[in-house]
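work26.txt follows; it contains compact mmCIF, C-alpha atoms.
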```txt
# COMPACT_ATOMS: atom_id res chain seq x y z
CA MET N 1 24.91 13.42 -28.21
CA GLU N 2 23.77 16.16 -30.60
CA ASN N 3 20.71 18.11 -29.54
CA MET N 4 17.55 16.26 -30.48
CA SER N 5 14.41 17.73 -32.09
CA LEU N 6 10.75 16.82 -31.63
CA ASP N 7 10.73 14.95 -34.95
CA ASP N 8 13.93 13.05 -34.07
CA ILE N 9 12.68 11.83 -30.73
CA LYS N 10 9.37 10.53 -32.05
CA ASN N 11 11.26 7.78 -33.92
CA PHE N 12 12.55 6.15 -30.75
CA ALA N 13 10.77 2.96 -29.71
CA THR N 14 10.36 4.05 -26.10
CA VAL N 15 8.77 7.35 -27.17
CA LYS N 16 6.35 5.53 -29.48
CA LYS N 17 5.46 3.20 -26.64
CA TRP N 18 4.88 6.13 -24.28
CA SER N 19 2.69 7.97 -26.80
CA GLU N 20 0.62 4.85 -27.50
CA ASN N 21 0.21 4.11 -23.79
CA LEU N 22 -0.83 7.69 -23.02
CA ILE N 23 -3.54 7.53 -25.67
CA GLU N 24 -4.64 4.08 -24.49
CA GLN N 25 -4.74 5.29 -20.86
CA TRP N 26 -6.38 8.68 -21.31
CA GLY N 27 -8.00 8.52 -24.72
CA ASP N 28 -7.53 12.10 -25.78
CA VAL N 29 -4.09 13.71 -25.29
CA PRO N 30 -4.31 17.04 -27.11
CA ASP N 31 -1.01 18.33 -25.72
CA LEU N 32 0.99 15.24 -26.70
CA ASP N 33 3.61 17.26 -28.60
CA LYS N 34 4.08 19.53 -25.59
CA ARG N 35 4.69 16.48 -23.39
CA ILE N 36 7.14 15.01 -25.87
CA GLY N 37 8.76 18.44 -26.05
CA ALA N 38 9.48 18.24 -22.32
CA LEU N 39 11.18 14.92 -22.94
CA VAL N 40 13.24 16.51 -25.72
CA ASP N 41 14.44 19.14 -23.24
CA PHE N 42 15.30 16.40 -20.75
CA VAL N 43 17.27 14.17 -23.12
CA ASN N 44 19.20 17.21 -24.32
CA TYR N 45 19.82 18.14 -20.67
CA VAL N 46 21.18 14.71 -19.70
CA GLU N 47 22.72 14.11 -23.15
CA ARG N 48 21.34 10.59 -23.53
CA ASP N 49 18.70 9.37 -25.95
CA PRO N 50 15.36 8.06 -24.60
CA ASP N 51 15.97 4.40 -25.48
CA LYS N 52 19.33 4.59 -23.72
CA ILE N 53 17.75 6.13 -20.60
CA VAL N 54 15.19 3.33 -20.37
CA GLU N 55 17.77 0.66 -21.13
CA GLU N 56 19.96 1.95 -18.30
CA CYS N 57 17.14 1.40 -15.83
CA LEU N 58 16.16 -2.14 -16.85
CA ARG N 59 17.89 -5.49 -17.07
CA GLN N 60 16.77 -8.84 -18.39
CA SER N 61 16.71 -11.62 -15.78
CA ASP N 62 15.55 -15.25 -15.86
CA GLU N 63 12.23 -14.10 -14.39
CA GLY N 64 11.78 -11.28 -16.90
CA MET N 65 12.61 -7.59 -16.97
CA ARG N 66 13.89 -6.11 -13.68
CA ILE N 67 14.42 -2.50 -12.63
CA LYS N 68 18.00 -1.50 -11.76
CA LEU N 69 17.42 0.25 -8.44
CA LYS N 70 20.60 2.34 -8.45
CA ALA N 71 19.94 3.53 -12.00
CA ARG N 72 16.37 4.41 -11.07
CA ARG N 73 17.53 6.44 -8.07
CA GLU N 74 19.94 8.29 -10.35
CA ILE N 75 17.33 9.11 -12.99
CA ILE N 76 14.87 10.26 -10.28
CA ALA N 77 17.55 12.65 -9.03
CA GLU N 78 18.28 13.84 -12.58
CA ILE N 79 14.59 14.60 -13.16
CA ALA N 80 14.46 16.54 -9.89
CA GLU N 81 17.44 18.62 -11.01
CA PHE N 82 15.98 19.08 -14.49
CA GLU N 83 12.62 20.34 -13.30
CA LYS N 84 14.30 22.95 -11.10
CA GLU N 85 16.03 24.42 -14.14
CA HIS N 86 13.68 23.62 -17.05
CA GLY N 87 9.94 23.98 -17.05
CA GLY N 88 9.19 23.11 -13.44
CA ARG N 89 7.18 20.30 -12.00
CA ARG N 90 4.91 19.82 -14.99
CA ALA N 91 7.87 19.21 -17.31
CA GLY N 92 9.41 16.83 -14.77
CA ASN N 93 6.15 14.93 -14.56
CA HIS N 94 6.08 14.45 -18.33
CA VAL N 95 9.53 12.84 -18.08
CA ARG N 96 8.37 10.69 -15.17
CA SER N 97 5.35 9.67 -17.23
CA PHE N 98 7.67 8.62 -20.05
CA LEU N 99 9.60 6.34 -17.68
CA ILE N 100 6.48 5.02 -15.92
CA HIS N 101 4.87 4.01 -19.21
CA ASN N 102 8.09 2.22 -20.12
CA GLY N 103 7.84 0.10 -16.97
CA ILE N 104 10.05 2.09 -14.60
CA ALA N 105 7.78 2.73 -11.63
CA MET N 106 8.26 5.92 -9.65
CA SER N 107 6.21 8.58 -7.93
CA PRO N 108 7.25 12.12 -7.08
CA SER N 109 6.87 13.97 -3.83
CA VAL N 110 3.66 15.84 -3.11
CA GLU N 111 3.67 19.23 -1.43
CA ALA N 112 1.99 18.23 1.83
CA GLY N 113 1.78 21.72 3.22
CA VAL N 114 -0.65 23.02 0.61
CA MET E 115 -22.00 2.64 9.25
CA GLU E 116 -23.63 -0.77 8.93
CA PHE E 117 -20.97 -3.52 9.00
CA LYS E 118 -21.73 -4.99 5.58
CA LYS E 119 -21.55 -1.52 4.05
CA VAL E 120 -18.15 -0.97 5.66
CA VAL E 121 -16.90 -4.20 4.07
CA GLY E 122 -18.38 -3.15 0.74
CA ASN E 123 -16.94 0.37 0.91
CA ARG E 124 -13.35 -0.58 1.76
CA ARG E 125 -10.78 0.28 -0.89
CA SER E 126 -7.06 0.95 -0.91
CA ILE E 127 -7.00 4.74 -1.08
CA ARG E 128 -4.01 6.19 -2.92
CA TYR E 129 -4.92 9.91 -2.92
CA TYR E 130 -5.30 11.73 0.40
CA GLN E 131 -5.98 15.33 1.41
CA PRO E 132 -2.49 16.24 2.64
CA TRP E 133 -3.80 19.38 4.34
CA ARG E 134 -6.31 17.62 6.59
CA ASP E 135 -5.23 15.98 9.84
CA VAL E 136 -6.84 12.87 11.31
CA GLU E 137 -8.47 13.31 14.70
CA ARG E 138 -6.59 11.45 17.45
CA GLU E 139 -9.84 9.91 18.72
CA LYS E 140 -10.27 8.18 15.36
CA ILE E 141 -6.76 6.75 15.58
CA GLN E 142 -7.49 5.48 19.09
CA THR E 143 -10.68 3.84 17.86
CA ILE E 144 -8.78 2.11 15.04
CA LEU E 145 -6.12 0.82 17.45
CA GLU E 146 -8.83 -0.51 19.79
CA ALA E 147 -10.42 -2.37 16.88
CA ALA E 148 -7.06 -4.02 16.23
CA ARG E 149 -6.50 -4.82 19.91
CA LEU E 150 -9.82 -6.66 20.04
CA ALA E 151 -9.17 -8.83 16.96
CA SER E 152 -9.03 -12.60 17.13
CA ARG E 153 -5.60 -13.83 18.31
CA VAL E 154 -4.62 -17.43 18.85
CA MET E 155 -3.72 -18.22 22.48
CA ASN E 156 -4.62 -14.63 23.35
CA ALA E 157 -1.01 -13.59 22.74
CA PRO E 158 0.10 -9.98 22.09
CA TYR E 159 1.15 -10.20 18.42
CA PRO E 160 0.42 -6.72 16.98
CA LYS E 161 2.74 -3.89 18.02
CA PRO E 162 1.73 -0.80 16.05
CA VAL E 163 3.57 2.52 16.14
CA VAL E 164 1.59 5.63 15.15
CA VAL E 165 3.62 8.26 13.32
CA TYR E 166 2.41 11.75 12.34
CA ARG E 167 3.91 12.99 9.09
CA LYS E 168 3.93 16.63 10.17
CA GLU E 169 6.13 15.81 13.17
CA LEU E 170 8.88 14.42 10.93
CA SER E 171 11.56 16.39 9.14
CA GLU E 172 11.68 16.30 5.35
CA ALA E 173 14.83 14.17 5.54
CA GLU E 174 13.10 11.69 7.84
CA ILE E 175 10.06 11.47 5.56
CA ASN E 176 12.24 10.92 2.53
CA SER E 177 14.24 8.19 4.25
CA PHE E 178 11.10 6.05 4.67
CA LYS E 179 10.11 6.24 1.02
CA THR E 180 10.41 3.74 -1.78
CA PRO E 181 10.10 4.86 -5.42
CA THR E 182 6.48 3.74 -5.61
CA THR E 183 5.22 4.90 -2.21
CA THR E 184 6.56 8.45 -2.34
CA ALA E 185 3.32 10.20 -3.22
CA GLN E 186 1.15 8.31 -0.74
CA LEU E 187 3.54 8.88 2.15
CA ASP E 188 3.58 12.58 1.32
CA MET E 189 -0.19 12.79 1.22
CA ALA E 190 -1.30 10.64 4.17
CA PRO E 191 -0.96 12.55 7.46
CA VAL E 192 -0.85 9.42 9.65
CA TRP E 193 1.20 6.26 9.20
CA ILE E 194 0.72 3.26 11.45
CA PHE E 195 3.74 0.99 11.34
CA TRP E 196 2.46 -2.48 12.11
CA TYR E 197 5.03 -4.73 13.74
CA ALA E 198 4.59 -8.32 14.88
CA ASN E 199 5.99 -9.55 18.17
CA MET E 200 8.12 -12.65 17.65
CA ASP E 201 7.99 -13.33 21.43
CA ALA E 202 4.20 -13.14 21.61
CA LEU E 203 3.71 -16.72 22.80
CA LYS E 204 6.38 -16.39 25.49
CA ASP E 205 4.86 -13.09 26.58
CA ALA E 206 1.38 -14.64 26.78
CA HIS E 207 2.76 -17.39 28.98
CA GLU E 208 4.74 -15.05 31.22
CA ASN E 209 2.08 -12.37 31.65
CA GLY E 210 -0.69 -14.86 32.32
CA THR E 211 -3.01 -14.06 29.41
CA LEU E 212 -2.71 -17.65 28.19
CA HIS E 213 -3.83 -19.09 31.54
CA GLY E 214 -6.29 -16.23 31.83
CA LEU E 215 -8.39 -17.83 29.11
CA VAL E 216 -9.30 -20.53 31.65
CA ASP E 217 -9.98 -17.98 34.40
CA VAL E 218 -12.39 -15.95 32.26
CA GLY E 219 -14.31 -18.98 31.04
CA ALA E 220 -13.07 -18.95 27.45
CA LEU E 221 -11.20 -22.28 27.60
CA ASN E 222 -13.27 -24.66 29.67
CA PRO E 223 -13.22 -28.22 31.01
CA SER E 224 -16.22 -28.95 28.74
CA HIS E 225 -13.75 -28.74 25.86
CA GLY E 226 -10.87 -30.44 27.69
CA TRP E 227 -9.06 -27.32 28.93
CA SER E 228 -7.52 -26.78 32.39
CA HIS E 229 -4.58 -24.86 33.89
CA SER E 230 -2.69 -28.11 34.11
CA TYR E 231 -3.31 -28.99 30.45
CA ILE E 232 -2.18 -25.52 29.35
CA GLU E 233 0.99 -25.59 31.45
CA ASP E 234 2.10 -29.20 31.11
CA ILE E 235 0.95 -30.02 27.61
CA VAL E 236 0.08 -26.97 25.51
CA TRP E 237 2.91 -24.76 26.72
CA ALA E 238 5.59 -27.33 27.53
CA GLN E 239 5.13 -29.62 24.57
CA LEU E 240 3.69 -27.41 21.85
CA LEU E 241 3.96 -23.65 22.25
CA HIS E 242 7.37 -23.48 23.92
CA PRO E 243 9.07 -25.55 21.20
CA LEU E 244 7.16 -23.60 18.53
CA SER E 245 8.20 -20.28 20.01
CA SER E 246 11.83 -21.23 19.46
CA SER E 247 11.35 -21.72 15.71
CA LYS E 248 12.02 -18.48 13.85
CA GLU E 249 10.40 -19.79 10.67
CA ILE E 250 7.17 -20.90 12.35
CA MET E 251 6.95 -17.81 14.54
CA THR E 252 7.47 -15.49 11.55
CA THR E 253 4.48 -17.04 9.81
CA LEU E 254 2.35 -17.18 12.96
CA VAL E 255 2.96 -13.66 14.23
CA SER E 256 2.59 -12.17 10.74
CA GLU E 257 -0.78 -13.81 10.10
CA GLU E 258 -2.06 -13.00 13.59
CA THR E 259 -0.98 -9.37 13.21
CA ALA E 260 -2.68 -9.29 9.80
CA LEU E 261 -5.97 -10.23 11.49
CA ALA E 262 -5.61 -7.16 13.69
CA ILE E 263 -4.69 -5.00 10.71
CA CYS E 264 -7.81 -6.18 8.88
CA GLN E 265 -9.99 -4.85 11.71
CA ALA E 266 -7.99 -1.62 11.73
CA LEU E 267 -8.63 -1.19 8.01
CA LEU E 268 -12.37 -1.74 8.34
CA CYS E 269 -12.55 0.53 11.37
CA ALA E 270 -10.79 3.29 9.42
CA VAL E 271 -13.45 3.02 6.72
CA ASP E 272 -16.16 3.15 9.40
CA GLU E 273 -14.56 6.34 10.73
CA GLY E 274 -14.88 7.95 7.29
CA LEU E 275 -11.17 7.76 6.55
CA GLY E 276 -9.17 6.54 3.59
CA THR E 277 -6.66 3.83 4.31
CA GLN E 278 -4.19 1.60 2.55
CA LEU E 279 -1.39 -0.84 3.33
CA VAL E 280 2.02 -0.05 1.85
CA SER E 281 5.60 -1.10 2.29
CA CYS E 282 8.42 1.28 3.15
CA ASN E 283 12.11 1.28 3.91
CA PHE E 284 11.77 -0.78 7.10
CA ALA E 285 15.50 -0.85 7.82
CA VAL E 286 15.31 2.92 8.30
CA ALA E 287 11.97 2.72 10.10
CA ASN E 288 13.19 0.14 12.61
CA GLU E 289 16.08 2.35 13.63
CA MET E 290 14.22 5.64 13.59
CA LEU E 291 11.30 4.33 15.61
CA GLY E 292 13.49 2.42 18.08
CA VAL E 293 11.83 -0.89 17.33
CA PRO E 294 13.09 -3.82 19.45
CA ALA E 295 14.92 -6.59 17.60
CA ASN E 296 12.21 -9.15 18.38
CA TYR E 297 9.58 -7.19 16.40
CA ILE E 298 9.26 -7.78 12.65
CA PRO E 299 7.63 -5.35 10.20
CA VAL E 300 4.36 -6.38 8.55
CA TRP E 301 2.77 -3.33 6.86
CA VAL E 302 2.48 0.42 7.06
CA GLN E 303 -1.18 1.49 7.24
CA LEU E 304 -1.81 4.95 5.84
CA LEU E 305 -4.65 7.05 7.24
CA GLY E 306 -6.13 10.28 5.95
CA TYR E 307 -9.17 11.85 4.41
CA PRO E 308 -9.53 10.66 0.82
CA ALA E 309 -8.86 13.15 -1.96
CA GLU E 310 -10.34 10.67 -4.41
CA ASP E 311 -13.87 9.31 -4.37
CA PRO E 312 -13.83 6.95 -1.34
CA GLN E 313 -15.42 4.20 -3.46
CA THR E 314 -12.79 4.82 -6.20
CA GLY E 315 -15.33 4.24 -8.93
CA GLY E 316 -16.39 0.76 -7.85
CA GLN E 317 -15.15 -2.43 -6.26
CA ARG E 318 -12.00 -3.99 -7.70
CA PRO E 319 -12.56 -6.85 -10.14
CA ARG E 320 -12.34 -10.14 -8.25
CA GLU E 321 -12.89 -13.81 -8.99
CA THR E 322 -16.48 -14.98 -8.48
CA LEU E 323 -17.61 -16.61 -5.26
CA GLU E 324 -17.83 -19.98 -7.04
CA GLU E 325 -14.24 -19.61 -8.19
CA MET E 326 -13.04 -18.73 -4.70
CA ALA E 327 -14.98 -21.12 -2.47
CA SER E 328 -15.74 -24.84 -2.52
CA GLU E 329 -18.60 -26.61 -0.78
CA GLY E 330 -18.34 -30.11 0.67
CA LYS E 331 -15.22 -31.00 -1.27
CA PHE E 332 -12.44 -29.00 -2.86
CA GLY E 333 -13.31 -28.07 -6.42
CA ASN E 334 -17.05 -28.33 -5.90
CA PRO E 335 -18.01 -24.67 -6.30
CA PHE E 336 -19.99 -22.86 -3.62
CA VAL E 337 -22.84 -21.61 -5.80
CA PRO E 338 -24.29 -18.35 -4.44
CA ASP E 339 -28.02 -17.93 -3.95
CA PRO E 340 -29.05 -14.99 -6.19
CA LYS E 341 -31.50 -13.78 -3.54
CA VAL E 342 -28.67 -13.46 -1.02
CA THR E 343 -26.51 -11.73 -3.59
CA GLU E 344 -29.30 -9.26 -4.26
CA LYS E 345 -29.74 -8.64 -0.53
CA LEU E 346 -26.00 -7.96 -0.17
CA ARG E 347 -26.25 -5.55 -3.07
CA GLU E 348 -29.11 -3.72 -1.37
CA VAL E 349 -27.11 -3.19 1.82
CA GLY E 350 -24.00 -2.10 -0.07
CA MET E 351 -21.71 -5.04 0.59
CA ILE E 352 -21.63 -5.97 -3.07
CA GLN E 353 -21.30 -2.91 -5.29
CA ASP E 354 -20.72 -2.22 -8.97
CA THR E 355 -17.31 -3.28 -10.19
CA ALA E 356 -14.82 -0.62 -11.27
CA PRO E 357 -14.20 1.32 -13.36
CA ALA E 358 -16.96 3.89 -13.29
CA PRO E 359 -17.23 5.91 -16.51
CA TRP E 360 -15.91 9.03 -14.77
CA ARG E 361 -12.89 7.40 -13.11
CA GLN E 362 -10.30 8.33 -15.75
CA ALA E 363 -11.42 11.96 -15.63
CA GLU E 364 -11.13 11.89 -11.84
CA LEU E 365 -7.60 10.46 -12.00
CA ARG E 366 -6.58 13.17 -14.43
CA ALA E 367 -8.04 15.87 -12.21
CA LEU E 368 -6.25 14.42 -9.17
CA ALA E 369 -2.95 14.32 -11.06
CA HIS E 370 -3.40 17.99 -11.97
CA MET E 371 -4.45 19.03 -8.47
CA LEU E 372 -1.60 17.20 -6.74
CA ASP E 373 1.03 17.72 -9.45
CA LEU E 374 1.48 14.03 -10.20
CA PRO E 375 2.50 12.40 -13.48
CA GLU E 376 0.00 11.01 -15.96
```
Rewritten as structure tokens:
Amino acid sequence: MENMSLDDIKNFATVKKWSENLIEQWGDVPDLDKRIGALVDFVNYVERDPDKIVEECLRQSDEGMRIKLKARREIIAEIAEFEKEHGGRRAGNHVRSFLIHNGIAMSPSVEAGV
Amino acid sequence: MEFKKVVGNRRSIRYYQPWRDVEREKIQTILEAARLASRVMNAPYPKPVVVYRKELSEAEINSFKTPTTTAQLDMAPVWIFWYANMDALKDAHENGTLHGLVDVGALNPSHGWSHSYIEDIVWAQLLHPLSSSKEIMTTLVSEETALAICQALLCAVDEGLGTQLVSCNFAVANEMLGVPANYIPVWVQLLGYPAEDPQTGGQRPRETLEEMASEGKFGNPFVPDPKVTEKLREVGMIQDTAPAPWRQAELRALAHMLDLPE
């Protein structure tokens, strides 16, 4: 995959859905482009486009959409690696938010010793 | 706290102060509340195991987690693993607590009870056959343990704590905690001091009382008396329904404070 830009990524259905959900959830999201920028860094890091990442984690069943548990474990590990090298926890959380708002539930660790 | 207020204040708390331990006396009080809950045939169904997060290694903590319980397990300093004893009826028969209900004047001749009736009829013809059915016992011990858990939840609220029931990786938990094969997992109860507003911005939206309850005949709604409703409001059992106008701002602040996704 060629490196993606902020403008490129905004055309993907999953990114539109995330943006819409963020605004619906929180009302005002003044740093939306910064959040999407973190996702750009992530998709370039894992070399897969956002729709593909979401598609990998979901499957259609007779009862509706299901989460592929192995794929989810793998993407959680990829985000953990990514945030160590690119932008830290905040950037990782923007990527998690992207997946959460596309129906892939997850929650990160919390530093309990604070 | 007044009982009705405790009922009204209970919420599932999902944000805890990870830095603040829970006093052991509060945990003991919660376990006592569970021990004293209603239990059919006075059998020992609930078998809780108290686990302190700070005594576990990071690897052990991580092994319990599921993708959606990670943050809560990290934040709550105390986890009570609630197990249900599949041999509870047999144990009650063997240790005498079943017959003890006659001795202490709980089951009396006025209502047809005697040692002979318990031994020859209730145990021999009903409970003993039931206790051999895995399907029936799973339902029975789970619901009886849930009664105890309910009291533990309310007691936690009364003690000023946040609490919530979650699932976890029970296959790992069973092995790590050395749980006997005849105990089945029911819930994990988290305990800690809430990092969020303990009333979480209002009571969760629920069906109305008329929708939930019938009177006289199924489908004939139990219509609440507005005066009673008002009285329950005054004592805090019925509270405003969520969300409060400030709740979204609180959730955002919590996400920032605890480094969680939005």
*Could you tell me how far CA of Ile100 in chain N lies from CA of Ala369 in chain E, in Å and to one decimal?*
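That distance, rounded to one decimal, is 14.1 Å.
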- request: May I ask you to extract the residues of chain E within 7 Å of chain N, using only C-alpha atoms, and to give them as a VMD selection string?
  value: chain E and resid 132 to 133 181 to 185 188 to 189 362 372 374 to 376
Using only C-alpha atoms, the shortest atom-to-atom distance to Phe82 in chain N among N:Asn21, N:Arg35, N:Val46, N:Thr14 belongs to N:Val46
Would you mind listing what lies within 12 Å of Trp193 in chain E as a short mmCIF file (atom, residue, chain, number, x, y, z; two decimals) with C-alpha atoms, keeping the file's coordinate frame, with all atoms listed in the file counted and same-chain residues fewer than 6 positions away left out?
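Resulting contents of around.cif:
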```cif
data_model
loop_
_atom_site.label_atom_id
_atom_site.label_comp_id
_atom_site.auth_asym_id
_atom_site.auth_seq_id
_atom_site.Cartn_x
_atom_site.Cartn_y
_atom_site.Cartn_z
CA ASP E 135 -5.23 15.98 9.84
CA VAL E 136 -6.84 12.87 11.31
CA ILE E 141 -6.76 6.75 15.58
CA PRO E 162 1.73 -0.80 16.05
CA VAL E 163 3.57 2.52 16.14
CA VAL E 164 1.59 5.63 15.15
CA VAL E 165 3.62 8.26 13.32
CA TYR E 166 2.41 11.75 12.34
CA ARG E 167 3.91 12.99 9.09
CA LYS E 168 3.93 16.63 10.17
CA GLU E 169 6.13 15.81 13.17
CA LEU E 170 8.88 14.42 10.93
CA ILE E 175 10.06 11.47 5.56
CA PHE E 178 11.10 6.05 4.67
CA GLN E 186 1.15 8.31 -0.74
CA LEU E 187 3.54 8.88 2.15
CA GLY E 276 -9.17 6.54 3.59
CA THR E 277 -6.66 3.83 4.31
CA GLN E 278 -4.19 1.60 2.55
CA LEU E 279 -1.39 -0.84 3.33
CA VAL E 280 2.02 -0.05 1.85
CA SER E 281 5.60 -1.10 2.29
CA CYS E 282 8.42 1.28 3.15
CA ALA E 287 11.97 2.72 10.10
CA TRP E 301 2.77 -3.33 6.86
CA VAL E 302 2.48 0.42 7.06
CA GLN E 303 -1.18 1.49 7.24
CA LEU E 304 -1.81 4.95 5.84
CA LEU E 305 -4.65 7.05 7.24
CA GLY E 306 -6.13 10.28 5.95
#
```
Can you pull out every residue within 12 Å of range 242-254 of chain E, counting all atoms listed in the file, but drop anything in the same chain fewer than 4 positions away, and send it as a PDB file with C-alpha atoms, keeping the file's coordinate frame?
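The new file out.pdb reads:
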```
ATOM      1  CA  ARG E 153      -5.600 -13.830  18.310  1.00  0.00           C
ATOM      2  CA  VAL E 154      -4.620 -17.430  18.850  1.00  0.00           C
ATOM      3  CA  MET E 155      -3.720 -18.220  22.480  1.00  0.00           C
ATOM      4  CA  ALA E 157      -1.010 -13.590  22.740  1.00  0.00           C
ATOM      5  CA  PRO E 158       0.100  -9.980  22.090  1.00  0.00           C
ATOM      6  CA  TYR E 159       1.150 -10.200  18.420  1.00  0.00           C
ATOM      7  CA  PRO E 160       0.420  -6.720  16.980  1.00  0.00           C
ATOM      8  CA  TYR E 197       5.030  -4.730  13.740  1.00  0.00           C
ATOM      9  CA  ALA E 198       4.590  -8.320  14.880  1.00  0.00           C
ATOM     10  CA  ASN E 199       5.990  -9.550  18.170  1.00  0.00           C
ATOM     11  CA  MET E 200       8.120 -12.650  17.650  1.00  0.00           C
ATOM     12  CA  ASP E 201       7.990 -13.330  21.430  1.00  0.00           C
ATOM     13  CA  ALA E 202       4.200 -13.140  21.610  1.00  0.00           C
ATOM     14  CA  LEU E 203       3.710 -16.720  22.800  1.00  0.00           C
ATOM     15  CA  LYS E 204       6.380 -16.390  25.490  1.00  0.00           C
ATOM     16  CA  ASP E 205       4.860 -13.090  26.580  1.00  0.00           C
ATOM     17  CA  ALA E 206       1.380 -14.640  26.780  1.00  0.00           C
ATOM     18  CA  HIS E 207       2.760 -17.390  28.980  1.00  0.00           C
ATOM     19  CA  GLU E 208       4.740 -15.050  31.220  1.00  0.00           C
ATOM     20  CA  ILE E 232      -2.180 -25.520  29.350  1.00  0.00           C
ATOM     21  CA  GLU E 233       0.990 -25.590  31.450  1.00  0.00           C
ATOM     22  CA  ASP E 234       2.100 -29.200  31.110  1.00  0.00           C
ATOM     23  CA  ILE E 235       0.950 -30.020  27.610  1.00  0.00           C
ATOM     24  CA  VAL E 236       0.080 -26.970  25.510  1.00  0.00           C
ATOM     25  CA  TRP E 237       2.910 -24.760  26.720  1.00  0.00           C
ATOM     26  CA  ALA E 238       5.590 -27.330  27.530  1.00  0.00           C
ATOM     27  CA  GLU E 258      -2.060 -13.000  13.590  1.00  0.00           C
ATOM     28  CA  THR E 259      -0.980  -9.370  13.210  1.00  0.00           C
ATOM     29  CA  ALA E 260      -2.680  -9.290   9.800  1.00  0.00           C
ATOM     30  CA  LEU E 261      -5.970 -10.230  11.490  1.00  0.00           C
ATOM     31  CA  ASN E 296      12.210  -9.150  18.380  1.00  0.00           C
ATOM     32  CA  TYR E 297       9.580  -7.190  16.400  1.00  0.00           C
ATOM     33  CA  ILE E 298       9.260  -7.780  12.650  1.00  0.00           C
ATOM     34  CA  PRO E 299       7.630  -5.350  10.200  1.00  0.00           C
ATOM     35  CA  VAL E 300       4.360  -6.380   8.550  1.00  0.00           C
TER      36      VAL E 300
END
```
Pairwise distance, CA of Lys140 in chain E with CA of Met351 in chain E, equals 22.9 Å
So that I can see what lies close to Phe336 in chain E, please list as a ChimeraX atom specification the residues with an atom at most 7 Å from it, counting all atoms listed in the file and leaving out residues fewer than 2 positions away in the same chain. /E:323-324,327-329,334,338
Residues at most 8 Å from Val120 in chain E, counting all atoms listed in the file, excluding those fewer than 3 positions away in the same chain, as a PDB file with C-alpha atoms, keeping the file's coordinate frame?
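Okay, selection.pdb is ready:
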```pdb
ATOM      1  CA  MET E 115     -22.000   2.640   9.250  1.00  0.00           C
ATOM      2  CA  GLU E 116     -23.630  -0.770   8.930  1.00  0.00           C
ATOM      3  CA  PHE E 117     -20.970  -3.520   9.000  1.00  0.00           C
ATOM      4  CA  ASN E 123     -16.940   0.370   0.910  1.00  0.00           C
ATOM      5  CA  ARG E 124     -13.350  -0.580   1.760  1.00  0.00           C
ATOM      6  CA  LEU E 268     -12.370  -1.740   8.340  1.00  0.00           C
ATOM      7  CA  VAL E 271     -13.450   3.020   6.720  1.00  0.00           C
ATOM      8  CA  ASP E 272     -16.160   3.150   9.400  1.00  0.00           C
ATOM      9  CA  MET E 351     -21.710  -5.040   0.590  1.00  0.00           C
TER      10      MET E 351
END
```
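Among the candidate residues N:Ala80, N:Leu58, N:Leu6, N:Ile36, the one lying nearest to Trp18 in chain N is N:Ile36, with distances computed using only C-alpha atoms.
For the pair CA of Ala190 in chain E and CA of Trp360 in chain E, the separation is 24.0 Å.
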From the options N:Gly87, N:Asn3, N:Arg66, N:Asp31, which residue's atoms come nearest to Asn44 in chain N, counting all atoms listed in the file?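 The answer is N:Asn3, which sits nearest to Asn44 in chain N.
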Proximity to Asp8 in chain N - best of N:Val43, N:Leu32, N:Glu85, N:Leu99, only C-alpha atoms: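 Among the listed residues, the smallest separation from Asp8 in chain N belongs to N:Val43.
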Subject >> Selection near Val218 in chain E, 12 Å with only C-alpha atoms, sequence-local residues under 5 positions removed, as a list of chain:residue names >> reply: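 Answer for this query is E:Asn156, E:Gly210, E:Thr211, E:Leu212, E:His213, E:Ser228, E:His229.
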